[in-house]
Amino acid sequence: MKGSRHFGRRDFLGATSLAAASLMTGLPLAQAWAKSSHSGADGTFEPDLALELTACAQNLALRSGPATAAWSYDAKVLKGDAASVRAHPDSTLGPTLHMRRGQKVRIDFVNELDQPSIVNWHGLHVPADMMGLPRYEVAPGRRYRYEFQVNDRAGTYWYHAMAAGHTPEQVYFGLAGLLIVSDDEEAALPLPRGEYDLPIVLQDRSWGQDNQLHYLPGTGPAASRKPQAGNGSTGEGGMMGGREMTGGMMSGNMGSMMTRMMGFFGDSIFVNGRPTQPLELATHAYRLHVLNASNARTYKLAWKDGRPLTVIATDGGLLREPAHKPYVMLTPGQRVELWADFSGDAVDSDLTLMSESFNSMMNMGDMMSGSGLMGMMGGMMGGGNRMGAPSLPDGAAFPILTVRIAHKVENTLKLPAHLSNLERLRVQDAANPHNPRSFHVTMGHMQWGFNGHSFKMGAVAPDEVVRLGTTEVWEFINSPMMAHAIHLHGLQFQVLERSGSSRSADVTGGYADEGWLDTMLVMPGERVKIIMRFADFTGLYAYQCHMLEHAAAGLMRDYEVRASHASA
């Protein structure tokens, strides 16, 4: 296969007419295509919920002293329930969006940044041109219209920026938020609601001078930039292909280089877009929507007093029944919903949610002569990846959040024994039950890749083409070097089997593999088989490592869903 897509005479005529339409309407070409693809037969789409979502720069009072420059999303309801948007004032976290399964949604994204951007709907099953991939990014001052029906089960999803050259930077400086989907099955359950239904969004950041967030040199809203023309980059060698992340892999100091290759690890934990502070709760059961929105850090969540964590939902919604675990591994992009019952705790008592220690990287002695990888990283990546002693390296133990039981209330909620009718995909129904597609994590010439291929916009290899309506088994085989967060866009999958890693003994008890996932932790040397069904939509989607600097350095590829009658 020489090209990534079939492009015939009809496609050419359609594309040229769309190009003309885009010039007349002022819409980006991608938006004109999206409008034609998802409008009704008469060219209309009548939404149940219409939002305007704007990416912009803000100055926030995150701690005493000067305001902190950040990027953030601002949302307003144009049609529908005003409660569909819940803002988080004085926070880098975007507003929480609430949708219902079956709802028709229109979202107008407005880019008021000084660099291209687009919004990715992480975990949603939507058409490829509604997914929000870098090929659809819009330039500063432009807009993109999303129109789709919510097809997903009730669950905790999220949205974040994607842009060629800028994804890790834009997410780090604030362009992310939760998206909560509800449905009839979930609404019928006696789950905590209202004030007892809480978001817990985890991010790690580092402070620089004058209360400003520190990332890589020359990044963020405080950095001066030249306006960028066009509708976006089609860079090669990295998911985001721009000067900050991949073109400059070997530029700057050693700490910046290692950040680009290994990932960013900050020394300050943010919860819900602010530096962590005690959370005052009542003697009641709570539903905690926990999202790891960090660029690269994996958390090993555990209560300090040893009580188990009760998982009721994963990325793609409710489990069949609650799962009790001593700790939960949460890699970037992953979500879990926890049932946390404080009804038996005394007023004025404190509980601490920890990230416990684990080993996420191999010893460099397995690859090179003698010195350990963590030792090498420590000198280069400490204090937010600047030169110096490490303060919070990946896998370190540290407190995340203190829960303070502030007052007593009557709690009548009991944990349901049954949560949902969870469908399990069957291996015998797969097109390849005994021959999974294999994807090896590789590294060469300072570029990550899958099967030796780094990201190239629109490029699809023959083993990255799947058929609409088929169920398949895939296997991801990690290198022995470090952990990765494997994410598939546009669908949910189920884990069939994990094997092969001698480094995962201190994390296996925390895998929440019982339900639907779109993101999974794959430890060094580990092999993971998953099963998924390609339904409803054709087009180009993506799979990647959601440790964002890894994706920026090449660990992202496109896969194509073709109609079952199309030729390879």
# chains A, B, ... in the order shown; residues from 1 in each chain; ligands from 1
call {"tool": "residues_around", "arguments": {"residues": "Glu514 of chain A", "least_positions_apart": "6", "cutoff": "12 Å", "atoms": "only C-alpha atoms", "output": "list in words"}}
result
Val311, Ile312, Ala313, Thr314, Asp315, Gly316, Gly317, Leu318, Leu319, Arg320, Glu321, Pro322, Ala323, His324, Lys325, Val336, Leu422, Glu423, Arg424, Phe493, Gln494, Val495, Leu496, Glu497 and Met520 of chain A
call {"tool": "atom_distance", "arguments": {"atom1": "atom CA of Val271 of chain A", "atom2": "atom CA of Leu353 of chain A"}}
result
11.7 Å
call {"tool": "closest_residue", "arguments": {"among": "A:Gln334, A:Gln428, A:Asn292, A:Asn211", "to": "Gln492 of chain A", "atoms": "only C-alpha atoms"}}
result
A:Gln334
call {"tool": "residues_around", "arguments": {"residues": "Tyr159 of chain A", "least_positions_apart": "2", "cutoff": "8 Å", "atoms": "only C-alpha atoms", "output": "PDB file with C-alpha atoms, in the first residue's frame"}}
result
ATOM      1  CA  VAL A 119      -9.769  19.963  20.953  1.00  0.00           C
ATOM      2  CA  ASN A 120      -9.427  16.186  21.278  1.00  0.00           C
ATOM      3  CA  TRP A 121     -12.386  14.292  22.791  1.00  0.00           C
ATOM      4  CA  HIS A 122     -10.494  11.641  24.721  1.00  0.00           C
ATOM      5  CA  TYR A 157     -14.161  11.123  29.727  1.00  0.00           C
ATOM      6  CA  ALA A 161      -5.661  20.325  23.323  1.00  0.00           C
ATOM      7  CA  ALA A 176      -7.772  20.165  29.587  1.00  0.00           C
ATOM      8  CA  GLY A 177     -11.083  19.421  31.279  1.00  0.00           C
ATOM      9  CA  LEU A 178     -13.477  16.647  32.298  1.00  0.00           C
ATOM     10  CA  LEU A 179     -16.428  15.418  30.260  1.00  0.00           C
TER      11      LEU A 179
END
call {"tool": "residues_around", "arguments": {"residues": "segment 533-535 of chain A", "least_positions_apart": "4", "cutoff": "6 Å", "atoms": "only C-alpha atoms", "output": "ChimeraX atom specification"}}
result
/A:468-471
call {"tool": "atom_distance", "arguments": {"atom1": "atom CA of His550 of chain A", "atom2": "atom CA of Arg260 of chain A"}}
result
7.3 Å
call {"tool": "select_by_dssp", "arguments": {"residues": "segment 92-245 of chain A", "states": "strand (DSSP E)", "output": "VMD selection string"}}
result
chain A and resid 96 to 100 104 to 111 118 to 122 143 to 149 155 to 162 176 to 182 197 to 207 213 to 214
call {"tool": "residues_around", "arguments": {"residues": "Ser360 of chain A", "least_positions_apart": "5", "cutoff": "9 Å", "atoms": "only C-alpha atoms", "output": "list in words"}}
result
Thr298, Asp394, Gly395, Met481, Met482, Ala483, Arg503, Ser504, Met523 and Pro524 of chain A
call {"tool": "closest_residue", "arguments": {"among": "A:Lys104, A:Arg63, A:Arg562, A:His487", "to": "Asp518 of chain A", "atoms": "only C-alpha atoms"}}
result
A:His487
call {"tool": "atom_distance", "arguments": {"atom1": "atom CA of Thr442 of chain A", "atom2": "atom CA of Glu137 of chain A"}}
result
27.6 Å
